[in-house]
$ cat target.pdb   # PDB, C-alpha atoms
MODEL        1
ATOM      1  CA  LEU A   3       5.694  16.219  -5.716  1.00  0.00           C
ATOM      2  CA  ALA A   4       9.170  17.660  -5.210  1.00  0.00           C
ATOM      3  CA  MET A   5       8.427  18.611  -1.599  1.00  0.00           C
ATOM      4  CA  LEU A   6       7.086  15.156  -0.753  1.00  0.00           C
ATOM      5  CA  ASN A   7       9.970  13.295  -2.398  1.00  0.00           C
ATOM      6  CA  ASN A   8      12.201  13.662   0.623  1.00  0.00           C
ATOM      7  CA  ALA A   9      12.375  11.869   3.939  1.00  0.00           C
ATOM      8  CA  LEU A  10      13.973  15.036   5.371  1.00  0.00           C
ATOM      9  CA  ARG A  11      11.583  17.643   3.958  1.00  0.00           C
ATOM     10  CA  PRO A  12      11.188  20.976   5.742  1.00  0.00           C
ATOM     11  CA  THR A  13       7.936  21.683   7.550  1.00  0.00           C
ATOM     12  CA  ASP A  14       8.128  25.430   6.993  1.00  0.00           C
ATOM     13  CA  MET A  15       6.228  26.067   3.744  1.00  0.00           C
ATOM     14  CA  ARG A  16       8.120  29.355   3.243  1.00  0.00           C
ATOM     15  CA  LEU A  17      11.142  27.234   2.276  1.00  0.00           C
ATOM     16  CA  GLN A  18       9.455  25.901  -0.873  1.00  0.00           C
ATOM     17  CA  CYS A  19      11.044  28.468  -3.181  1.00  0.00           C
ATOM     18  CA  THR A  20      14.589  27.513  -2.191  1.00  0.00           C
ATOM     19  CA  TYR A  21      13.921  23.874  -1.367  1.00  0.00           C
ATOM     20  CA  LYS A  22      16.479  21.272  -2.454  1.00  0.00           C
ATOM     21  CA  PRO A  23      15.748  17.601  -1.709  1.00  0.00           C
ATOM     22  CA  VAL A  24      18.287  15.826   0.479  1.00  0.00           C
ATOM     23  CA  ALA A  25      17.076  12.245   0.881  1.00  0.00           C
ATOM     24  CA  LEU A  26      15.080  11.380  -2.248  1.00  0.00           C
ATOM     25  CA  TYR A  27      12.706   8.440  -2.165  1.00  0.00           C
ATOM     26  CA  ALA A  28      12.911   8.255  -5.957  1.00  0.00           C
ATOM     27  CA  SER A  29      14.310  10.299  -8.801  1.00  0.00           C
ATOM     28  CA  LEU A  30      11.934  11.422 -11.531  1.00  0.00           C
ATOM     29  CA  THR A  31      12.946  10.489 -15.057  1.00  0.00           C
ATOM     30  CA  ALA A  32       9.830  11.625 -16.956  1.00  0.00           C
ATOM     31  CA  TYR A  33       6.230  12.578 -16.302  1.00  0.00           C
ATOM     32  CA  CYS A  34       2.961  13.576 -17.898  1.00  0.00           C
ATOM     33  CA  LEU A  35      -0.035  14.916 -16.013  1.00  0.00           C
ATOM     34  CA  MET A  36      -3.440  14.533 -17.655  1.00  0.00           C
ATOM     35  CA  SER A  37      -6.877  15.610 -16.438  1.00  0.00           C
ATOM     36  CA  ASN A  38      -7.873  12.097 -15.337  1.00  0.00           C
ATOM     37  CA  HIS A  39      -4.572  10.258 -14.856  1.00  0.00           C
ATOM     38  CA  PHE A  40      -0.825  10.732 -14.729  1.00  0.00           C
ATOM     39  CA  HIS A  41       2.353   8.895 -15.653  1.00  0.00           C
ATOM     40  CA  LEU A  42       5.600   9.041 -13.706  1.00  0.00           C
ATOM     41  CA  ILE A  43       8.821   7.246 -14.532  1.00  0.00           C
ATOM     42  CA  LEU A  44      10.670   6.942 -11.257  1.00  0.00           C
ATOM     43  CA  ARG A  45      13.996   5.415 -10.257  1.00  0.00           C
ATOM     44  CA  GLN A  46      13.894   4.128  -6.703  1.00  0.00           C
ATOM     45  CA  LYS A  47      16.581   5.651  -4.467  1.00  0.00           C
ATOM     46  CA  SER A  48      15.773   3.947  -1.162  1.00  0.00           C
ATOM     47  CA  ASP A  49      14.070   0.746  -0.035  1.00  0.00           C
ATOM     48  CA  ALA A  50      10.359   1.013  -0.855  1.00  0.00           C
ATOM     49  CA  GLY A  51      11.059   4.575  -2.024  1.00  0.00           C
ATOM     50  CA  VAL A  52       8.550   4.581  -4.874  1.00  0.00           C
ATOM     51  CA  SER A  53       5.827   3.214  -2.598  1.00  0.00           C
ATOM     52  CA  ALA A  54       6.602   5.813   0.069  1.00  0.00           C
ATOM     53  CA  LEU A  55       6.578   8.660  -2.453  1.00  0.00           C
ATOM     54  CA  MET A  56       3.349   7.542  -4.096  1.00  0.00           C
ATOM     55  CA  GLN A  57       1.628   7.073  -0.728  1.00  0.00           C
ATOM     56  CA  ARG A  58       2.682  10.553   0.398  1.00  0.00           C
ATOM     57  CA  TRP A  59       1.761  12.195  -2.883  1.00  0.00           C
ATOM     58  CA  LEU A  60      -1.622  10.529  -3.378  1.00  0.00           C
ATOM     59  CA  ASN A  61      -2.652  10.962   0.267  1.00  0.00           C
ATOM     60  CA  SER A  62      -1.592  14.615   0.288  1.00  0.00           C
ATOM     61  CA  TYR A  63      -3.367  15.374  -2.966  1.00  0.00           C
ATOM     62  CA  THR A  64      -6.536  13.614  -1.805  1.00  0.00           C
ATOM     63  CA  LYS A  65      -6.573  15.639   1.418  1.00  0.00           C
ATOM     64  CA  TYR A  66      -5.981  18.879  -0.499  1.00  0.00           C
ATOM     65  CA  PHE A  67      -8.673  18.106  -3.095  1.00  0.00           C
ATOM     66  CA  ASN A  68     -11.237  16.984  -0.505  1.00  0.00           C
ATOM     67  CA  LYS A  69     -10.691  20.095   1.586  1.00  0.00           C
ATOM     68  CA  ARG A  70     -10.836  22.408  -1.417  1.00  0.00           C
ATOM     69  CA  HIS A  71     -14.052  20.825  -2.699  1.00  0.00           C
ATOM     70  CA  ASP A  72     -15.627  20.205   0.723  1.00  0.00           C
ATOM     71  CA  ARG A  73     -15.848  16.456   0.249  1.00  0.00           C
ATOM     72  CA  LYS A  74     -14.700  13.273   1.974  1.00  0.00           C
ATOM     73  CA  GLY A  75     -13.515   9.852   0.964  1.00  0.00           C
ATOM     74  CA  ARG A  76     -11.366   8.278  -1.692  1.00  0.00           C
ATOM     75  CA  LEU A  77     -10.371  10.267  -4.716  1.00  0.00           C
ATOM     76  CA  PHE A  78      -8.671   7.591  -6.787  1.00  0.00           C
ATOM     77  CA  GLU A  79     -10.398   4.506  -8.132  1.00  0.00           C
ATOM     78  CA  SER A  80      -7.532   2.151  -7.430  1.00  0.00           C
ATOM     79  CA  VAL A  81      -3.958   2.008  -6.158  1.00  0.00           C
ATOM     80  CA  TYR A  82      -1.140   3.106  -8.407  1.00  0.00           C
ATOM     81  CA  GLN A  83       0.367   0.560 -10.767  1.00  0.00           C
ATOM     82  CA  SER A  84       4.040   0.065 -11.435  1.00  0.00           C
ATOM     83  CA  VAL A  85       5.991  -1.813 -14.057  1.00  0.00           C
ATOM     84  CA  PRO A  86       9.755  -2.342 -13.760  1.00  0.00           C
ATOM     85  CA  ILE A  87      11.840  -1.130 -16.685  1.00  0.00           C
ATOM     86  CA  GLU A  88      14.513  -3.640 -17.608  1.00  0.00           C
ATOM     87  CA  ASP A  89      16.953  -1.765 -19.862  1.00  0.00           C
ATOM     88  CA  THR A  90      17.775   1.606 -21.444  1.00  0.00           C
ATOM     89  CA  GLU A  91      15.977   0.790 -24.699  1.00  0.00           C
ATOM     90  CA  GLN A  92      12.740   0.050 -22.835  1.00  0.00           C
ATOM     91  CA  LEU A  93      13.294   3.220 -20.808  1.00  0.00           C
ATOM     92  CA  ALA A  94      13.584   5.354 -23.965  1.00  0.00           C
ATOM     93  CA  HIS A  95      10.418   3.845 -25.468  1.00  0.00           C
ATOM     94  CA  THR A  96       8.539   4.254 -22.184  1.00  0.00           C
ATOM     95  CA  THR A  97       9.473   7.929 -21.899  1.00  0.00           C
ATOM     96  CA  ARG A  98       8.239   8.438 -25.453  1.00  0.00           C
ATOM     97  CA  TYR A  99       4.955   6.706 -24.552  1.00  0.00           C
ATOM     98  CA  VAL A 100       4.575   8.978 -21.512  1.00  0.00           C
ATOM     99  CA  HIS A 101       5.362  12.112 -23.514  1.00  0.00           C
ATOM    100  CA  LEU A 102       2.856  11.200 -26.243  1.00  0.00           C
ATOM    101  CA  ASN A 103      -0.073  10.806 -23.818  1.00  0.00           C
ATOM    102  CA  PRO A 104      -1.406  14.353 -24.430  1.00  0.00           C
ATOM    103  CA  LEU A 105      -2.078  13.459 -28.066  1.00  0.00           C
ATOM    104  CA  SER A 106      -5.349  11.866 -26.933  1.00  0.00           C
ATOM    105  CA  LEU A 107      -6.590  15.419 -26.247  1.00  0.00           C
ATOM    106  CA  VAL A 108      -6.210  16.487 -29.897  1.00  0.00           C
ATOM    107  CA  GLU A 109      -6.280  13.106 -31.662  1.00  0.00           C
ATOM    108  CA  PRO A 110      -8.790  10.921 -29.766  1.00  0.00           C
ATOM    109  CA  GLY A 111      -8.141   7.226 -30.351  1.00  0.00           C
ATOM    110  CA  TRP A 112      -4.768   7.861 -31.967  1.00  0.00           C
ATOM    111  CA  LYS A 113      -3.250   4.727 -30.428  1.00  0.00           C
ATOM    112  CA  GLU A 114      -5.847   2.567 -32.177  1.00  0.00           C
ATOM    113  CA  VAL A 115      -6.469   4.401 -35.461  1.00  0.00           C
ATOM    114  CA  GLY A 116      -3.408   6.566 -36.040  1.00  0.00           C
ATOM    115  CA  ILE A 117      -2.842  10.304 -36.441  1.00  0.00           C
ATOM    116  CA  ARG A 118      -4.876  12.483 -38.823  1.00  0.00           C
ATOM    117  CA  ASN A 119      -2.533  15.461 -38.544  1.00  0.00           C
ATOM    118  CA  PRO A 120       1.046  14.396 -37.748  1.00  0.00           C
ATOM    119  CA  GLN A 121       2.452  17.952 -37.913  1.00  0.00           C
ATOM    120  CA  GLY A 122      -0.277  19.236 -35.581  1.00  0.00           C
ATOM    121  CA  ALA A 123       0.420  16.349 -33.197  1.00  0.00           C
ATOM    122  CA  ILE A 124       4.131  17.160 -33.175  1.00  0.00           C
ATOM    123  CA  ALA A 125       3.402  20.832 -32.519  1.00  0.00           C
ATOM    124  CA  TYR A 126       0.971  20.007 -29.703  1.00  0.00           C
ATOM    125  CA  THR A 127       3.400  17.759 -27.825  1.00  0.00           C
ATOM    126  CA  SER A 128       5.985  20.553 -27.995  1.00  0.00           C
ATOM    127  CA  VAL A 129       3.717  23.022 -26.173  1.00  0.00           C
ATOM    128  CA  TYR A 130       1.886  20.763 -23.713  1.00  0.00           C
ATOM    129  CA  PRO A 131       2.876  22.292 -20.346  1.00  0.00           C
ATOM    130  CA  TRP A 132       2.264  19.383 -17.922  1.00  0.00           C
ATOM    131  CA  SER A 133       4.896  17.018 -19.246  1.00  0.00           C
ATOM    132  CA  SER A 134       8.655  16.681 -19.114  1.00  0.00           C
ATOM    133  CA  TYR A 135       8.823  16.492 -22.923  1.00  0.00           C
ATOM    134  CA  ARG A 136       9.783  20.157 -23.344  1.00  0.00           C
ATOM    135  CA  HIS A 137      12.658  19.536 -20.910  1.00  0.00           C
ATOM    136  CA  TYR A 138      13.804  16.562 -22.986  1.00  0.00           C
ATOM    137  CA  ILE A 139      13.893  18.586 -26.214  1.00  0.00           C
ATOM    138  CA  GLY A 140      15.689  21.529 -24.610  1.00  0.00           C
ATOM    139  CA  GLN A 141      12.806  24.045 -24.576  1.00  0.00           C
ATOM    140  CA  THR A 142      12.694  24.355 -20.784  1.00  0.00           C
ATOM    141  CA  CYS A 143      14.660  23.416 -17.704  1.00  0.00           C
ATOM    142  CA  ASP A 144      12.330  21.324 -15.557  1.00  0.00           C
ATOM    143  CA  THR A 145      13.646  20.982 -12.002  1.00  0.00           C
ATOM    144  CA  LEU A 146      11.212  18.133 -11.296  1.00  0.00           C
ATOM    145  CA  VAL A 147      13.300  15.882 -13.572  1.00  0.00           C
ATOM    146  CA  THR A 148      16.067  14.611 -11.296  1.00  0.00           C
ATOM    147  CA  ASP A 149      17.192  11.535 -13.264  1.00  0.00           C
ATOM    148  CA  SER A 150      18.811  12.312 -16.616  1.00  0.00           C
ATOM    149  CA  THR A 151      19.415   8.719 -17.756  1.00  0.00           C
ATOM    150  CA  VAL A 152      17.481   9.107 -21.010  1.00  0.00           C
ATOM    151  CA  ILE A 153      18.641  12.662 -21.593  1.00  0.00           C
ATOM    152  CA  ASP A 154      22.242  11.469 -21.273  1.00  0.00           C
ATOM    153  CA  ASP A 155      21.625   8.947 -24.084  1.00  0.00           C
ATOM    154  CA  PHE A 156      20.041  11.510 -26.464  1.00  0.00           C
ATOM    155  CA  ASP A 157      20.811  15.124 -27.142  1.00  0.00           C
ATOM    156  CA  PRO A 158      17.625  17.254 -27.313  1.00  0.00           C
ATOM    157  CA  GLY A 159      17.467  17.173 -31.112  1.00  0.00           C
ATOM    158  CA  GLU A 160      17.896  13.397 -31.225  1.00  0.00           C
ATOM    159  CA  TYR A 161      15.148  12.828 -28.666  1.00  0.00           C
ATOM    160  CA  LYS A 162      12.806  15.197 -30.537  1.00  0.00           C
ATOM    161  CA  GLN A 163      13.509  13.271 -33.744  1.00  0.00           C
ATOM    162  CA  PHE A 164      12.956   9.957 -31.909  1.00  0.00           C
ATOM    163  CA  VAL A 165       9.446  11.125 -30.930  1.00  0.00           C
ATOM    164  CA  GLU A 166       8.628  12.819 -34.240  1.00  0.00           C
ATOM    165  CA  ASN A 167       9.683   9.780 -36.294  1.00  0.00           C
ATOM    166  CA  TYR A 168       7.309   7.634 -34.234  1.00  0.00           C
ATOM    167  CA  ILE A 169       4.427  10.044 -34.835  1.00  0.00           C
ATOM    168  CA  GLN A 170       5.151  10.277 -38.574  1.00  0.00           C
ATOM    169  CA  ASP A 171       5.355   6.486 -38.881  1.00  0.00           C
ATOM    170  CA  LEU A 172       1.880   5.981 -37.426  1.00  0.00           C
ATOM    171  CA  PRO A 173      -0.879   5.184 -39.905  1.00  0.00           C
ATOM    172  CA  THR A 174      -3.159   7.965 -41.128  1.00  0.00           C
ATOM    173  CA  PRO A 175      -6.828   7.039 -40.589  1.00  0.00           C
ATOM    174  CA  GLY A 176      -9.168   7.171 -43.513  1.00  0.00           C
TER     175      GLY A 176
ENDMDL
END
$ encode --input "target.pdb" --output "structure tokens"
Amino acid sequence: LAMLNNALRPTDMRLQCTYKPVALYASLTAYCLMSNHFHLILRQKSDAGVSALMQRWLNSYTKYFNKRHDRKGRLFESVYQSVPIEDTEQLAHTTRYVHLNPLSLVEPGWKEVGIRNPQGAIAYTSVYPWSSYRHYIGQTCDTLVTDSTVIDDFDPGEYKQFVENYIQDLPTPG
């Protein structure tokens, strides 16, 4: 994703380790990768930047996956969807939504019925490796995150509390 997010990307793959984007299509605010879908919060940096990045990323991944698994054809069911974020409050709530996506792995149906084990859910989100959440709460430094708008509004402890309060306020099924 980082390599493809640049109109001026190097063609020499040996440069990946030291690669620094120059002309970003979009900056990445938050992300979560799941086994069957993903969420990205992107801030467009150039005209049609998000579209260009998504086209490059999805096409590249499809080619890689098809080659690796000796298959042909479409990989994704439909085109990506985007929703504009209007203000910083909506941005904060959207990042929380993205970061809570992995809960469906340990608490199936949690969005509809609530959380059985809030402390377990909090612990799981803090260790899930394919999300920017650990970056937000200061556990890691994630170089994929190139837009710190939300992080600038919260210190790591405040953001962690923002997420944990939401989890604890959900109903407990039963």
$ atom_distance --input "target.pdb" --atom1 "CA of Gln141 in chain A" --atom2 "CA of Pro158 in chain A"
8.8 Å
$ closest_residue --input "target.pdb" --among "A:Thr127, A:Ser80, A:Asn38, A:Ser48" --to "Val165 in chain A" --atoms "only C-alpha atoms"
A:Thr127
$ residues_around --input "target.pdb" --residues "Arg58 in chain A" --least-positions-apart "5" --cutoff "12 Å" --atoms "only C-alpha atoms" --output "number ranges by chain"
A: 3-9, 11, 27, 51-53, 63-65
$ resolve_selection --input "target.pdb" --expression "the PyMOL selection byres ((chain A and resi 116-119) around 8)" --output "PDB file with C-alpha atoms, in the frame of the given file"
ATOM      1  CA  GLU A 109      -6.280  13.106 -31.662  1.00  0.00           C
ATOM      2  CA  GLY A 111      -8.141   7.226 -30.351  1.00  0.00           C
ATOM      3  CA  TRP A 112      -4.768   7.861 -31.967  1.00  0.00           C
ATOM      4  CA  LYS A 113      -3.250   4.727 -30.428  1.00  0.00           C
ATOM      5  CA  GLU A 114      -5.847   2.567 -32.177  1.00  0.00           C
ATOM      6  CA  VAL A 115      -6.469   4.401 -35.461  1.00  0.00           C
ATOM      7  CA  PRO A 120       1.046  14.396 -37.748  1.00  0.00           C
ATOM      8  CA  GLN A 121       2.452  17.952 -37.913  1.00  0.00           C
ATOM      9  CA  GLY A 122      -0.277  19.236 -35.581  1.00  0.00           C
ATOM     10  CA  ALA A 123       0.420  16.349 -33.197  1.00  0.00           C
ATOM     11  CA  ILE A 169       4.427  10.044 -34.835  1.00  0.00           C
ATOM     12  CA  LEU A 172       1.880   5.981 -37.426  1.00  0.00           C
ATOM     13  CA  PRO A 173      -0.879   5.184 -39.905  1.00  0.00           C
ATOM     14  CA  THR A 174      -3.159   7.965 -41.128  1.00  0.00           C
ATOM     15  CA  PRO A 175      -6.828   7.039 -40.589  1.00  0.00           C
TER      16      PRO A 175
END
$ closest_residue --input "target.pdb" --among "A:Ser106, A:Thr145, A:Gln57, A:Ser150" --to "Ile43 in chain A" --atoms "all atoms listed in the file"
A:Ser150
$ closest_residue --input "target.pdb" --among "A:Ala94, A:Lys162, A:Lys74, A:Thr148" --to "Gln46 in chain A" --atoms "all atoms listed in the file"
A:Thr148
$ build_atoms --input "target.pdb" --residues "range 134-147 of chain A" --atoms "N, CA, C and O atoms" --output "PDB file, in the frame of the given file"
ATOM      1  N   SER A 134       7.216  16.420 -19.082  1.00  0.00           N
ATOM      2  CA  SER A 134       8.655  16.681 -19.114  1.00  0.00           C
ATOM      3  C   SER A 134       9.205  16.698 -20.540  1.00  0.00           C
ATOM      4  O   SER A 134      10.404  16.900 -20.738  1.00  0.00           O
ATOM      5  N   TYR A 135       8.349  16.539 -21.542  1.00  0.00           N
ATOM      6  CA  TYR A 135       8.823  16.492 -22.923  1.00  0.00           C
ATOM      7  C   TYR A 135       9.596  17.753 -23.324  1.00  0.00           C
ATOM      8  O   TYR A 135      10.662  17.672 -23.937  1.00  0.00           O
ATOM      9  N   ARG A 136       9.095  18.912 -22.967  1.00  0.00           N
ATOM     10  CA  ARG A 136       9.783  20.157 -23.344  1.00  0.00           C
ATOM     11  C   ARG A 136      11.175  20.226 -22.715  1.00  0.00           C
ATOM     12  O   ARG A 136      12.100  20.778 -23.306  1.00  0.00           O
ATOM     13  N   HIS A 137      11.336  19.631 -21.541  1.00  0.00           N
ATOM     14  CA  HIS A 137      12.658  19.536 -20.910  1.00  0.00           C
ATOM     15  C   HIS A 137      13.569  18.639 -21.747  1.00  0.00           C
ATOM     16  O   HIS A 137      14.736  18.957 -21.977  1.00  0.00           O
ATOM     17  N   TYR A 138      13.028  17.521 -22.204  1.00  0.00           N
ATOM     18  CA  TYR A 138      13.804  16.562 -22.986  1.00  0.00           C
ATOM     19  C   TYR A 138      14.304  17.147 -24.301  1.00  0.00           C
ATOM     20  O   TYR A 138      15.371  16.781 -24.774  1.00  0.00           O
ATOM     21  N   ILE A 139      13.490  18.038 -24.907  1.00  0.00           N
ATOM     22  CA  ILE A 139      13.893  18.586 -26.214  1.00  0.00           C
ATOM     23  C   ILE A 139      14.575  19.945 -26.083  1.00  0.00           C
ATOM     24  O   ILE A 139      14.796  20.633 -27.068  1.00  0.00           O
ATOM     25  N   GLY A 140      14.898  20.332 -24.842  1.00  0.00           N
ATOM     26  CA  GLY A 140      15.689  21.529 -24.610  1.00  0.00           C
ATOM     27  C   GLY A 140      14.925  22.841 -24.623  1.00  0.00           C
ATOM     28  O   GLY A 140      15.540  23.899 -24.652  1.00  0.00           O
ATOM     29  N   GLN A 141      13.587  22.799 -24.590  1.00  0.00           N
ATOM     30  CA  GLN A 141      12.806  24.045 -24.576  1.00  0.00           C
ATOM     31  C   GLN A 141      12.757  24.678 -23.190  1.00  0.00           C
ATOM     32  O   GLN A 141      12.611  25.891 -23.080  1.00  0.00           O
ATOM     33  N   THR A 142      12.788  23.853 -22.150  1.00  0.00           N
ATOM     34  CA  THR A 142      12.694  24.355 -20.784  1.00  0.00           C
ATOM     35  C   THR A 142      13.691  23.613 -19.908  1.00  0.00           C
ATOM     36  O   THR A 142      14.241  22.588 -20.305  1.00  0.00           O
ATOM     37  N   CYS A 143      13.883  24.112 -18.724  1.00  0.00           N
ATOM     38  CA  CYS A 143      14.660  23.416 -17.704  1.00  0.00           C
ATOM     39  C   CYS A 143      13.687  23.056 -16.593  1.00  0.00           C
ATOM     40  O   CYS A 143      13.226  23.928 -15.858  1.00  0.00           O
ATOM     41  N   ASP A 144      13.336  21.796 -16.503  1.00  0.00           N
ATOM     42  CA  ASP A 144      12.330  21.324 -15.557  1.00  0.00           C
ATOM     43  C   ASP A 144      13.029  20.741 -14.334  1.00  0.00           C
ATOM     44  O   ASP A 144      13.631  19.675 -14.402  1.00  0.00           O
ATOM     45  N   THR A 145      12.946  21.431 -13.209  1.00  0.00           N
ATOM     46  CA  THR A 145      13.646  20.982 -12.002  1.00  0.00           C
ATOM     47  C   THR A 145      13.004  19.759 -11.369  1.00  0.00           C
ATOM     48  O   THR A 145      13.618  19.148 -10.496  1.00  0.00           O
ATOM     49  N   LEU A 146      11.801  19.378 -11.801  1.00  0.00           N
ATOM     50  CA  LEU A 146      11.212  18.133 -11.296  1.00  0.00           C
ATOM     51  C   LEU A 146      11.986  16.918 -11.796  1.00  0.00           C
ATOM     52  O   LEU A 146      12.051  15.900 -11.128  1.00  0.00           O
ATOM     53  N   VAL A 147      12.556  17.002 -12.990  1.00  0.00           N
ATOM     54  CA  VAL A 147      13.300  15.882 -13.572  1.00  0.00           C
ATOM     55  C   VAL A 147      14.656  15.810 -12.878  1.00  0.00           C
ATOM     56  O   VAL A 147      15.505  16.677 -13.056  1.00  0.00           O
TER      57      VAL A 147
END
